[in-house]
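Everything on this sheet refers to the single structure shown next.
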Amino acid sequence: MAVSFDHTARQQASKPGDVRPPVEIAPVPTAGNKAMTLTFEIRPATSPTSDEDRAAKLANPGFGRIFTDHMALVRYNQAEGWHGARVESRANFPLDPATAVLHYAQEIFEGLKAYKREDGGVNLFRPDANARRFRNSAERMAMAPLSEPVFIEAVEQLVRTDRAWMPDGEGSLYLRPFMIASEVFLGVKPSAEYIFAVIASPVGSYFKGGPAPVSIWVSENYTRAAVGGTGAVKCGGNYAASLRAQAEAIDHGCDQVVFLDALERRYVEELGGMNVFFVFDDGSLATPPLGTILPGITRDSIIALARDAGTDVREEPYTIEQWRSDAKSGRLKEAFACGTAAVISPIGKVRSASGDFLISGGAAGPVAMGLRKQLVDIQYGRAADPHDWIRKVF
Ligand SMILES: Cc1ncc(COP(=O)(O)O)c(C=O)c1O
């Protein structure tokens, strides 16, 4: 079965401009996958966290360490398709030691946030885009695709059930939809059974006291994704493979790692968990093209907002040598990373084995900060939403 990827020449090519035909992968198991929508049964937790304990946890939630009382769950098998949709008490999964995901890492996930508006209601930011990316990830990983309405319904039902956990102010509820191969079988093949779940984690403001510029380490020993690989989808394996490079970044005193392309080791691709943008002295922006990088929803939103304002935004390859020389000549005014967790992080310093360089003197620049404010104001419902990105849960 030919799989139609929504990607540019860069993914299919060995170098920019050199197009290869789409990749063939094993058929996705779809038998019984008829339901477009499912009704979620809500089973409230019998002993939920007390108001007092919840308030204590919400006082300083950090990132990804505390969780709400419930989870959404949907199961898949070939006979019934997706079935058994419910929201229930968050609990351990009993997994047989031979469960496929534990051996061959057939696993995908998403990350999005719910934001509390000043009127007490709750916004989701572009959940349809996460649902679409999740379906693309499932197809690439030969997993049963979940319909986009079911993905969104699962997220919304969980937010409704756990609405008491919505942080105030600049905090948000981080939502983590994921799918694992749950068939008990050691053969190397697409699993015949899957579990889809959504869990939720209240998170504080990513930067206390305003975004601080990050320092990044250029990974020259390790690459993240190659043409024809899984770089454009959100599978756990991509992150496992990035950890060694991230550890190297920490060893060199940096906050994050930035990866170069796997073929020529010159083109800047993305950070371990964020896309990257460059701001030039003529006011234009550039960002690496899609293909082997994750098509970030923040990246896409920034491109749209910048183009709305008449800014020239180019999606084009940019080498590390060019980055260094543009930073030195002053042609490059700012660089920033972007993603759901931090929205926009200015990049102040780049370190590599061949030397360091600063960007905008190591300080946060006005373009990054302006775009960040625009985006955050839309997310919290404080500004108009010209692209219909907000979905009100209530
Ligand atoms: C590798 C990688 N690139 C980019 C992003 C940014 O994507 P998004 O803006 O959809 O959060 C993420 C975060 O999910 C990521 O893990």
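Following the order of the structure tokens, chains are lettered A, B, ..., residues in each are numbered from 1, and ligands are numbered from 1.
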
For Arg244 (chain A): contacts at 12 Å, only C-alpha atoms, fewer than 5 positions along chain excluded, given as an NGL selection string:
:A and (219-224 or 238-239 or 249-251 or 256-257 or 259 or 272)

At a cut-off of 8 Å and counting only C-alpha atoms and all ligand atoms, what residues surround ligand 1? Please answer as a compact mmCIF listing (two decimals) with all heavy atoms, in the first residue's frame.
```txt
# COMPACT_ATOMS: atom_id res chain seq x y z
N GLU A 110 1.19 12.69 21.59
CA GLU A 110 0.95 14.09 21.25
C GLU A 110 1.12 14.93 22.50
O GLU A 110 1.18 14.39 23.61
CB GLU A 110 -0.46 14.30 20.67
CG GLU A 110 -0.53 14.17 19.16
CD GLU A 110 0.41 15.15 18.44
OE1 GLU A 110 0.63 16.26 18.94
OE2 GLU A 110 0.95 14.76 17.39
N GLY A 111 1.16 16.24 22.33
CA GLY A 111 1.23 17.15 23.47
C GLY A 111 0.48 18.42 23.12
O GLY A 111 0.76 19.03 22.08
N LEU A 112 -0.50 18.77 23.92
CA LEU A 112 -1.23 20.03 23.72
C LEU A 112 -1.68 20.55 25.07
O LEU A 112 -1.56 19.84 26.07
CB LEU A 112 -2.41 19.85 22.75
CG LEU A 112 -3.64 19.05 23.18
CD1 LEU A 112 -4.80 19.37 22.25
CD2 LEU A 112 -3.38 17.55 23.15
N ASN A 130 -3.37 18.60 16.30
CA ASN A 130 -2.76 17.47 17.02
C ASN A 130 -3.39 16.15 16.59
O ASN A 130 -2.70 15.13 16.44
CB ASN A 130 -2.93 17.64 18.53
CG ASN A 130 -2.13 18.81 19.06
OD1 ASN A 130 -2.66 19.90 19.20
ND2 ASN A 130 -0.85 18.61 19.32
N GLY A 231 11.40 11.02 11.53
CA GLY A 231 11.57 12.35 12.11
C GLY A 231 10.33 13.22 12.07
O GLY A 231 10.14 14.08 12.92
N LYS A 234 5.56 11.75 15.66
CA LYS A 234 5.85 11.87 17.09
C LYS A 234 5.81 10.47 17.71
O LYS A 234 4.81 10.08 18.31
CB LYS A 234 4.81 12.81 17.71
CG LYS A 234 5.37 13.66 18.81
CD LYS A 234 4.50 14.87 19.07
CE LYS A 234 4.77 15.47 20.42
NZ LYS A 234 6.13 15.95 20.65
N ASN A 238 11.95 8.30 18.62
CA ASN A 238 12.72 9.49 18.23
C ASN A 238 13.34 10.16 19.46
O ASN A 238 14.44 10.70 19.40
CB ASN A 238 11.80 10.54 17.58
CG ASN A 238 11.39 10.16 16.17
OD1 ASN A 238 11.94 9.25 15.58
ND2 ASN A 238 10.40 10.87 15.65
N TYR A 239 12.58 10.13 20.55
CA TYR A 239 13.02 10.83 21.76
C TYR A 239 14.07 9.99 22.50
O TYR A 239 15.04 10.54 23.03
CB TYR A 239 11.80 11.19 22.63
CG TYR A 239 10.92 12.16 21.85
CD1 TYR A 239 10.04 11.70 20.88
CD2 TYR A 239 11.09 13.53 22.00
CE1 TYR A 239 9.30 12.59 20.10
CE2 TYR A 239 10.36 14.42 21.22
CZ TYR A 239 9.47 13.94 20.27
OH TYR A 239 8.77 14.82 19.49
N GLU A 270 16.31 20.82 13.96
CA GLU A 270 15.46 21.27 15.06
C GLU A 270 16.14 20.89 16.37
O GLU A 270 17.13 20.16 16.40
CB GLU A 270 14.08 20.64 14.98
CG GLU A 270 14.06 19.13 15.11
CD GLU A 270 12.67 18.54 15.01
OE1 GLU A 270 11.72 19.15 15.52
OE2 GLU A 270 12.53 17.45 14.41
N LEU A 271 15.54 21.36 17.47
CA LEU A 271 16.06 21.01 18.79
C LEU A 271 15.46 19.66 19.18
O LEU A 271 14.60 19.13 18.48
CB LEU A 271 15.66 22.09 19.80
CG LEU A 271 16.60 23.32 19.89
CD1 LEU A 271 16.70 24.06 18.58
CD2 LEU A 271 16.15 24.26 20.99
N GLY A 272 15.85 19.14 20.33
CA GLY A 272 15.33 17.84 20.78
C GLY A 272 13.81 17.84 20.89
O GLY A 272 13.16 16.83 20.65
N GLY A 273 13.22 18.99 21.25
CA GLY A 273 11.77 19.04 21.41
C GLY A 273 11.16 20.33 20.93
O GLY A 273 10.06 20.70 21.36
N MET A 274 11.85 21.05 20.05
CA MET A 274 11.32 22.32 19.55
C MET A 274 11.82 22.60 18.13
O MET A 274 12.91 22.15 17.76
CB MET A 274 11.77 23.48 20.45
CG MET A 274 11.09 23.52 21.80
SD MET A 274 11.43 25.08 22.65
CE MET A 274 12.74 24.57 23.73
N ASN A 275 11.03 23.35 17.36
CA ASN A 275 11.48 23.83 16.05
C ASN A 275 12.28 25.12 16.24
O ASN A 275 12.32 25.67 17.34
CB ASN A 275 10.27 24.07 15.14
CG ASN A 275 9.52 22.78 14.81
OD1 ASN A 275 8.36 22.62 15.18
ND2 ASN A 275 10.18 21.86 14.15
N ILE A 293 11.92 16.87 10.01
CA ILE A 293 11.63 17.47 11.33
C ILE A 293 10.17 17.26 11.69
O ILE A 293 9.35 16.96 10.83
CB ILE A 293 11.96 18.99 11.34
CG1 ILE A 293 11.07 19.75 10.35
CG2 ILE A 293 13.42 19.22 11.05
CD1 ILE A 293 11.18 21.28 10.46
N LEU A 294 9.85 17.46 12.98
CA LEU A 294 8.46 17.39 13.39
C LEU A 294 7.73 18.64 12.89
O LEU A 294 8.21 19.75 13.11
CB LEU A 294 8.33 17.29 14.91
CG LEU A 294 6.90 16.92 15.34
CD1 LEU A 294 6.66 15.42 15.16
CD2 LEU A 294 6.62 17.32 16.77
N PRO A 295 6.59 18.46 12.21
CA PRO A 295 5.83 19.64 11.77
C PRO A 295 5.13 20.27 12.97
O PRO A 295 3.98 19.93 13.29
CB PRO A 295 4.85 19.07 10.74
CG PRO A 295 4.74 17.62 11.02
CD PRO A 295 5.97 17.19 11.78
N GLY A 296 5.81 21.15 13.65
CA GLY A 296 5.30 21.73 14.90
C GLY A 296 4.08 22.60 14.65
O GLY A 296 4.01 23.35 13.68
N ILE A 297 3.15 22.52 15.58
CA ILE A 297 1.92 23.32 15.48
C ILE A 297 2.24 24.76 15.86
O ILE A 297 1.70 25.70 15.30
CB ILE A 297 0.82 22.65 16.33
CG1 ILE A 297 0.47 21.31 15.68
CG2 ILE A 297 -0.42 23.55 16.45
CD1 ILE A 297 -0.21 20.33 16.57
N THR A 298 3.17 24.95 16.79
CA THR A 298 3.62 26.30 17.13
C THR A 298 4.33 26.91 15.93
O THR A 298 4.11 28.07 15.58
CB THR A 298 4.56 26.25 18.36
OG1 THR A 298 4.03 25.33 19.30
CG2 THR A 298 4.70 27.61 19.00
N ARG A 299 5.20 26.12 15.29
CA ARG A 299 5.91 26.58 14.08
C ARG A 299 4.92 27.06 13.04
O ARG A 299 5.05 28.15 12.48
CB ARG A 299 6.75 25.40 13.55
CG ARG A 299 7.42 25.63 12.20
CD ARG A 299 8.02 24.30 11.69
NE ARG A 299 8.70 24.46 10.41
CZ ARG A 299 8.08 24.47 9.23
NH1 ARG A 299 6.75 24.37 9.16
NH2 ARG A 299 8.78 24.60 8.11
N ASP A 300 3.91 26.24 12.77
CA ASP A 300 2.92 26.58 11.76
C ASP A 300 2.16 27.86 12.15
O ASP A 300 1.87 28.70 11.30
CB ASP A 300 1.94 25.40 11.63
CG ASP A 300 0.95 25.61 10.50
OD1 ASP A 300 1.38 25.53 9.33
OD2 ASP A 300 -0.24 25.88 10.79
N CYS A 338 10.71 27.02 19.29
CA CYS A 338 9.28 27.10 19.58
C CYS A 338 8.66 25.72 19.71
O CYS A 338 9.09 24.76 19.06
CB CYS A 338 8.57 27.90 18.50
SG CYS A 338 8.59 27.12 16.89
N GLY A 339 7.67 25.61 20.58
CA GLY A 339 6.95 24.36 20.79
C GLY A 339 5.86 24.58 21.83
O GLY A 339 5.84 25.62 22.49
N THR A 340 4.98 23.61 21.99
CA THR A 340 3.84 23.74 22.90
C THR A 340 4.29 24.06 24.32
O THR A 340 3.68 24.90 24.98
CB THR A 340 3.02 22.44 22.88
OG1 THR A 340 2.51 22.30 21.55
CG2 THR A 340 1.88 22.46 23.86
N ALA A 341 5.31 23.41 24.83
CA ALA A 341 5.68 23.54 26.24
C ALA A 341 6.09 24.96 26.59
O ALA A 341 5.56 25.56 27.51
CB ALA A 341 6.78 22.56 26.60
N VAL A 343 6.30 27.65 24.27
CA VAL A 343 5.79 28.55 23.22
C VAL A 343 6.97 29.07 22.39
O VAL A 343 7.19 28.60 21.29
CB VAL A 343 4.93 29.71 23.76
CG1 VAL A 343 4.25 30.45 22.60
CG2 VAL A 343 3.87 29.20 24.74
```

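Across A:Leu38, A:Val376, A:Met141, A:Leu332, the tightest approach to Phe125 (chain A) is made by A:Val376 when counting only C-alpha atoms.
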
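When only C-alpha atoms are used to measure the gap to Tyr267 (chain A), the shortest distance among A:Thr68, A:Gln246, A:Thr39, A:Thr292 belongs to A:Thr292.
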
Who sits within 10 Å of region 361-371 of chain A, only C-alpha atoms, same chain under 3 positions skipped, as a compact mmCIF listing (two decimals) with all heavy atoms, in the first residue's frame:
```
# COMPACT_ATOMS: atom_id res chain seq x y z
N GLY A 210 9.50 35.71 33.01
CA GLY A 210 9.74 36.02 31.60
C GLY A 210 10.72 35.07 30.96
O GLY A 210 11.59 34.53 31.65
N PRO A 211 10.59 34.86 29.64
CA PRO A 211 11.43 33.88 28.94
C PRO A 211 12.92 34.23 29.01
O PRO A 211 13.31 35.33 28.65
CB PRO A 211 10.94 33.94 27.49
CG PRO A 211 9.61 34.60 27.57
CD PRO A 211 9.62 35.49 28.77
N ALA A 212 13.71 33.31 29.50
CA ALA A 212 15.16 33.51 29.56
C ALA A 212 15.77 32.87 28.31
O ALA A 212 15.36 31.78 27.92
CB ALA A 212 15.70 32.83 30.81
N PRO A 213 16.73 33.55 27.66
CA PRO A 213 17.36 32.95 26.48
C PRO A 213 18.03 31.62 26.82
O PRO A 213 18.61 31.48 27.90
CB PRO A 213 18.39 34.00 26.06
CG PRO A 213 17.96 35.27 26.68
CD PRO A 213 17.26 34.89 27.96
N VAL A 214 17.91 30.65 25.92
CA VAL A 214 18.52 29.33 26.15
C VAL A 214 19.84 29.23 25.39
O VAL A 214 20.06 29.93 24.40
CB VAL A 214 17.58 28.17 25.72
CG1 VAL A 214 16.36 28.09 26.62
CG2 VAL A 214 17.16 28.29 24.26
N SER A 215 20.70 28.35 25.89
CA SER A 215 21.95 28.05 25.18
C SER A 215 21.78 26.68 24.54
O SER A 215 21.16 25.79 25.13
CB SER A 215 23.12 28.05 26.16
OG SER A 215 22.86 27.15 27.22
N PHE A 277 13.60 29.05 14.52
CA PHE A 277 13.41 30.16 13.57
C PHE A 277 14.61 31.10 13.65
O PHE A 277 15.24 31.24 14.70
CB PHE A 277 12.18 30.99 13.95
CG PHE A 277 10.88 30.42 13.44
CD1 PHE A 277 10.22 29.43 14.14
CD2 PHE A 277 10.31 30.89 12.25
CE1 PHE A 277 9.03 28.90 13.67
CE2 PHE A 277 9.11 30.37 11.79
CZ PHE A 277 8.46 29.37 12.49
N PHE A 278 14.86 31.77 12.51
CA PHE A 278 15.92 32.78 12.42
C PHE A 278 15.30 34.10 11.98
O PHE A 278 14.43 34.10 11.11
CB PHE A 278 16.98 32.33 11.41
CG PHE A 278 17.49 30.94 11.70
CD1 PHE A 278 16.98 29.83 11.02
CD2 PHE A 278 18.43 30.72 12.70
CE1 PHE A 278 17.40 28.55 11.32
CE2 PHE A 278 18.86 29.44 13.00
CZ PHE A 278 18.36 28.35 12.31
N VAL A 279 15.77 35.21 12.58
CA VAL A 279 15.24 36.54 12.26
C VAL A 279 16.38 37.37 11.68
O VAL A 279 17.44 37.49 12.31
CB VAL A 279 14.72 37.24 13.54
CG1 VAL A 279 14.10 38.59 13.19
CG2 VAL A 279 13.73 36.36 14.29
N GLY A 283 14.22 42.08 8.40
CA GLY A 283 12.89 41.83 8.99
C GLY A 283 12.31 40.48 8.62
O GLY A 283 11.27 40.08 9.15
N LEU A 285 11.93 36.26 8.22
CA LEU A 285 12.14 35.08 9.07
C LEU A 285 12.46 33.89 8.18
O LEU A 285 12.00 33.82 7.04
CB LEU A 285 10.87 34.72 9.85
CG LEU A 285 10.26 35.69 10.86
CD1 LEU A 285 9.09 35.04 11.56
CD2 LEU A 285 11.30 36.07 11.89
N SER A 301 1.86 28.01 13.44
CA SER A 301 1.11 29.18 13.92
C SER A 301 1.96 30.44 13.79
O SER A 301 1.45 31.51 13.43
CB SER A 301 0.69 28.98 15.39
OG SER A 301 0.02 27.74 15.54
N ILE A 302 3.25 30.32 14.08
CA ILE A 302 4.15 31.48 13.97
C ILE A 302 4.27 31.92 12.51
O ILE A 302 4.22 33.11 12.21
CB ILE A 302 5.54 31.13 14.56
CG1 ILE A 302 5.42 31.04 16.09
CG2 ILE A 302 6.60 32.15 14.15
CD1 ILE A 302 6.63 30.42 16.76
N ILE A 303 4.38 30.95 11.62
CA ILE A 303 4.46 31.29 10.18
C ILE A 303 3.21 32.06 9.79
O ILE A 303 3.27 33.11 9.13
CB ILE A 303 4.63 30.01 9.33
CG1 ILE A 303 5.99 29.37 9.58
CG2 ILE A 303 4.43 30.32 7.84
CD1 ILE A 303 6.19 28.02 8.90
N LEU A 305 1.05 33.82 11.72
CA LEU A 305 0.95 35.14 12.35
C LEU A 305 1.94 36.12 11.71
O LEU A 305 1.61 37.29 11.48
CB LEU A 305 1.22 35.05 13.86
CG LEU A 305 0.16 34.33 14.69
CD1 LEU A 305 0.60 34.26 16.15
CD2 LEU A 305 -1.20 35.02 14.58
N ALA A 306 3.15 35.64 11.43
CA ALA A 306 4.15 36.53 10.83
C ALA A 306 3.71 36.93 9.42
O ALA A 306 3.81 38.11 9.04
CB ALA A 306 5.51 35.83 10.79
N ALA A 327 25.49 35.40 12.38
CA ALA A 327 25.48 35.93 13.76
C ALA A 327 26.66 36.89 13.94
O ALA A 327 26.53 37.94 14.57
CB ALA A 327 25.57 34.79 14.76
N LYS A 333 19.62 38.71 13.39
CA LYS A 333 19.28 39.54 14.56
C LYS A 333 18.85 38.71 15.75
O LYS A 333 19.13 39.05 16.89
CB LYS A 333 18.15 40.52 14.19
CG LYS A 333 18.60 41.62 13.27
CD LYS A 333 19.60 42.49 14.02
CE LYS A 333 20.19 43.59 13.17
NZ LYS A 333 21.46 44.08 13.70
N GLU A 334 18.10 37.63 15.49
CA GLU A 334 17.59 36.80 16.58
C GLU A 334 17.47 35.35 16.08
O GLU A 334 17.37 35.11 14.88
CB GLU A 334 16.16 37.22 16.99
CG GLU A 334 16.02 38.63 17.51
CD GLU A 334 14.56 38.98 17.84
OE1 GLU A 334 13.80 38.10 18.29
OE2 GLU A 334 14.19 40.13 17.61
N ALA A 335 17.43 34.43 17.04
CA ALA A 335 17.05 33.05 16.73
C ALA A 335 16.18 32.62 17.90
O ALA A 335 16.39 33.07 19.04
CB ALA A 335 18.27 32.16 16.60
N PHE A 336 15.18 31.79 17.61
CA PHE A 336 14.36 31.30 18.73
C PHE A 336 13.84 29.91 18.43
O PHE A 336 13.74 29.48 17.28
CB PHE A 336 13.22 32.28 19.05
CG PHE A 336 12.22 32.53 17.95
CD1 PHE A 336 11.13 31.70 17.74
CD2 PHE A 336 12.36 33.66 17.13
CE1 PHE A 336 10.21 31.96 16.74
CE2 PHE A 336 11.44 33.92 16.12
CZ PHE A 336 10.35 33.07 15.93
N ALA A 337 13.56 29.19 19.52
CA ALA A 337 13.00 27.85 19.43
C ALA A 337 11.52 27.94 19.79
O ALA A 337 11.12 28.87 20.51
CB ALA A 337 13.72 26.93 20.41
N CYS A 338 10.71 27.02 19.29
CA CYS A 338 9.28 27.10 19.58
C CYS A 338 8.66 25.72 19.71
O CYS A 338 9.09 24.76 19.06
CB CYS A 338 8.57 27.90 18.50
SG CYS A 338 8.59 27.12 16.89
N VAL A 343 6.30 27.65 24.27
CA VAL A 343 5.79 28.55 23.22
C VAL A 343 6.97 29.07 22.39
O VAL A 343 7.19 28.60 21.29
CB VAL A 343 4.93 29.71 23.76
CG1 VAL A 343 4.25 30.45 22.60
CG2 VAL A 343 3.87 29.20 24.74
N ILE A 344 7.71 30.08 22.91
CA ILE A 344 8.89 30.58 22.21
C ILE A 344 10.00 30.78 23.23
O ILE A 344 9.78 31.42 24.27
CB ILE A 344 8.59 31.90 21.47
CG1 ILE A 344 7.71 31.61 20.24
CG2 ILE A 344 9.87 32.63 21.08
CD1 ILE A 344 7.37 32.84 19.40
N SER A 345 11.16 30.24 22.95
CA SER A 345 12.35 30.46 23.79
C SER A 345 13.41 31.13 22.93
O SER A 345 13.89 30.52 21.96
CB SER A 345 12.98 29.14 24.25
OG SER A 345 12.08 28.39 24.96
N PRO A 346 13.82 32.34 23.27
CA PRO A 346 14.92 32.96 22.52
C PRO A 346 16.19 32.12 22.67
O PRO A 346 16.43 31.55 23.75
CB PRO A 346 15.09 34.33 23.20
CG PRO A 346 13.89 34.51 24.09
CD PRO A 346 13.35 33.16 24.41
N ILE A 347 16.99 32.06 21.63
CA ILE A 347 18.29 31.36 21.71
C ILE A 347 19.37 32.43 21.86
O ILE A 347 19.50 33.31 21.00
CB ILE A 347 18.54 30.50 20.45
CG1 ILE A 347 17.45 29.41 20.33
CG2 ILE A 347 19.94 29.87 20.48
CD1 ILE A 347 17.50 28.63 19.02
N GLY A 348 20.09 32.37 22.97
CA GLY A 348 21.09 33.40 23.24
C GLY A 348 22.49 32.98 22.82
O GLY A 348 23.29 33.81 22.41
N LYS A 349 22.77 31.67 22.93
CA LYS A 349 24.15 31.23 22.70
C LYS A 349 24.15 29.86 22.00
O LYS A 349 23.33 29.00 22.34
CB LYS A 349 24.82 31.09 24.06
CG LYS A 349 26.27 30.72 24.01
CD LYS A 349 26.81 30.71 25.43
CE LYS A 349 28.29 30.41 25.48
NZ LYS A 349 28.77 30.38 26.86
N VAL A 350 25.05 29.70 21.05
CA VAL A 350 25.21 28.42 20.36
C VAL A 350 26.63 27.92 20.64
O VAL A 350 27.60 28.66 20.45
CB VAL A 350 24.98 28.58 18.84
CG1 VAL A 350 25.13 27.24 18.13
CG2 VAL A 350 23.61 29.19 18.56
N PHE A 357 29.13 30.93 19.62
CA PHE A 357 28.77 32.29 19.20
C PHE A 357 27.49 32.73 19.88
O PHE A 357 26.68 31.90 20.28
CB PHE A 357 28.69 32.45 17.68
CG PHE A 357 27.74 31.52 16.97
CD1 PHE A 357 26.44 31.93 16.67
CD2 PHE A 357 28.12 30.24 16.58
CE1 PHE A 357 25.56 31.09 15.99
CE2 PHE A 357 27.25 29.39 15.91
CZ PHE A 357 25.98 29.81 15.61
N LEU A 358 27.36 34.06 20.04
CA LEU A 358 26.19 34.65 20.69
C LEU A 358 25.23 35.18 19.63
O LEU A 358 25.65 35.55 18.54
CB LEU A 358 26.60 35.83 21.58
CG LEU A 358 27.39 35.54 22.85
CD1 LEU A 358 27.68 36.84 23.58
CD2 LEU A 358 26.62 34.59 23.77
N GLN A 374 1.82 37.53 21.16
CA GLN A 374 0.66 37.39 20.26
C GLN A 374 0.02 36.01 20.39
O GLN A 374 -1.20 35.87 20.50
CB GLN A 374 1.18 37.54 18.83
CG GLN A 374 0.58 38.68 18.05
CD GLN A 374 1.06 38.61 16.61
OE1 GLN A 374 2.28 38.58 16.37
NE2 GLN A 374 0.14 38.58 15.68
N LEU A 375 0.88 35.00 20.41
CA LEU A 375 0.39 33.62 20.46
C LEU A 375 -0.25 33.29 21.82
O LEU A 375 -1.34 32.72 21.89
CB LEU A 375 1.60 32.71 20.20
CG LEU A 375 1.38 31.36 19.57
CD1 LEU A 375 0.43 31.43 18.40
CD2 LEU A 375 2.73 30.79 19.11
N VAL A 376 0.43 33.71 22.88
CA VAL A 376 -0.08 33.42 24.23
C VAL A 376 -1.42 34.14 24.45
O VAL A 376 -2.35 33.58 25.04
CB VAL A 376 0.98 33.82 25.28
CG1 VAL A 376 0.42 33.76 26.69
CG2 VAL A 376 2.20 32.90 25.18
N ASP A 377 -1.54 35.36 23.95
CA ASP A 377 -2.80 36.10 24.10
C ASP A 377 -3.94 35.38 23.37
O ASP A 377 -5.07 35.36 23.86
CB ASP A 377 -2.64 37.54 23.60
CG ASP A 377 -1.90 38.42 24.61
OD1 ASP A 377 -1.72 37.99 25.78
OD2 ASP A 377 -1.50 39.54 24.24
```

Can you measure CA of Lys113 (chain A) to CA of Ser172 (chain A) for me? One decimal in Å is fine.
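Atom-to-atom, CA of Lys113 (chain A) and CA of Ser172 (chain A) are spaced 6.3 Å apart.
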
Please identify all polymer residues within 8 Å of region 287-290 of chain A, counting only C-alpha atoms, omitting same-chain residues fewer than 3 positions from it, and present them as a count of residues only.
20
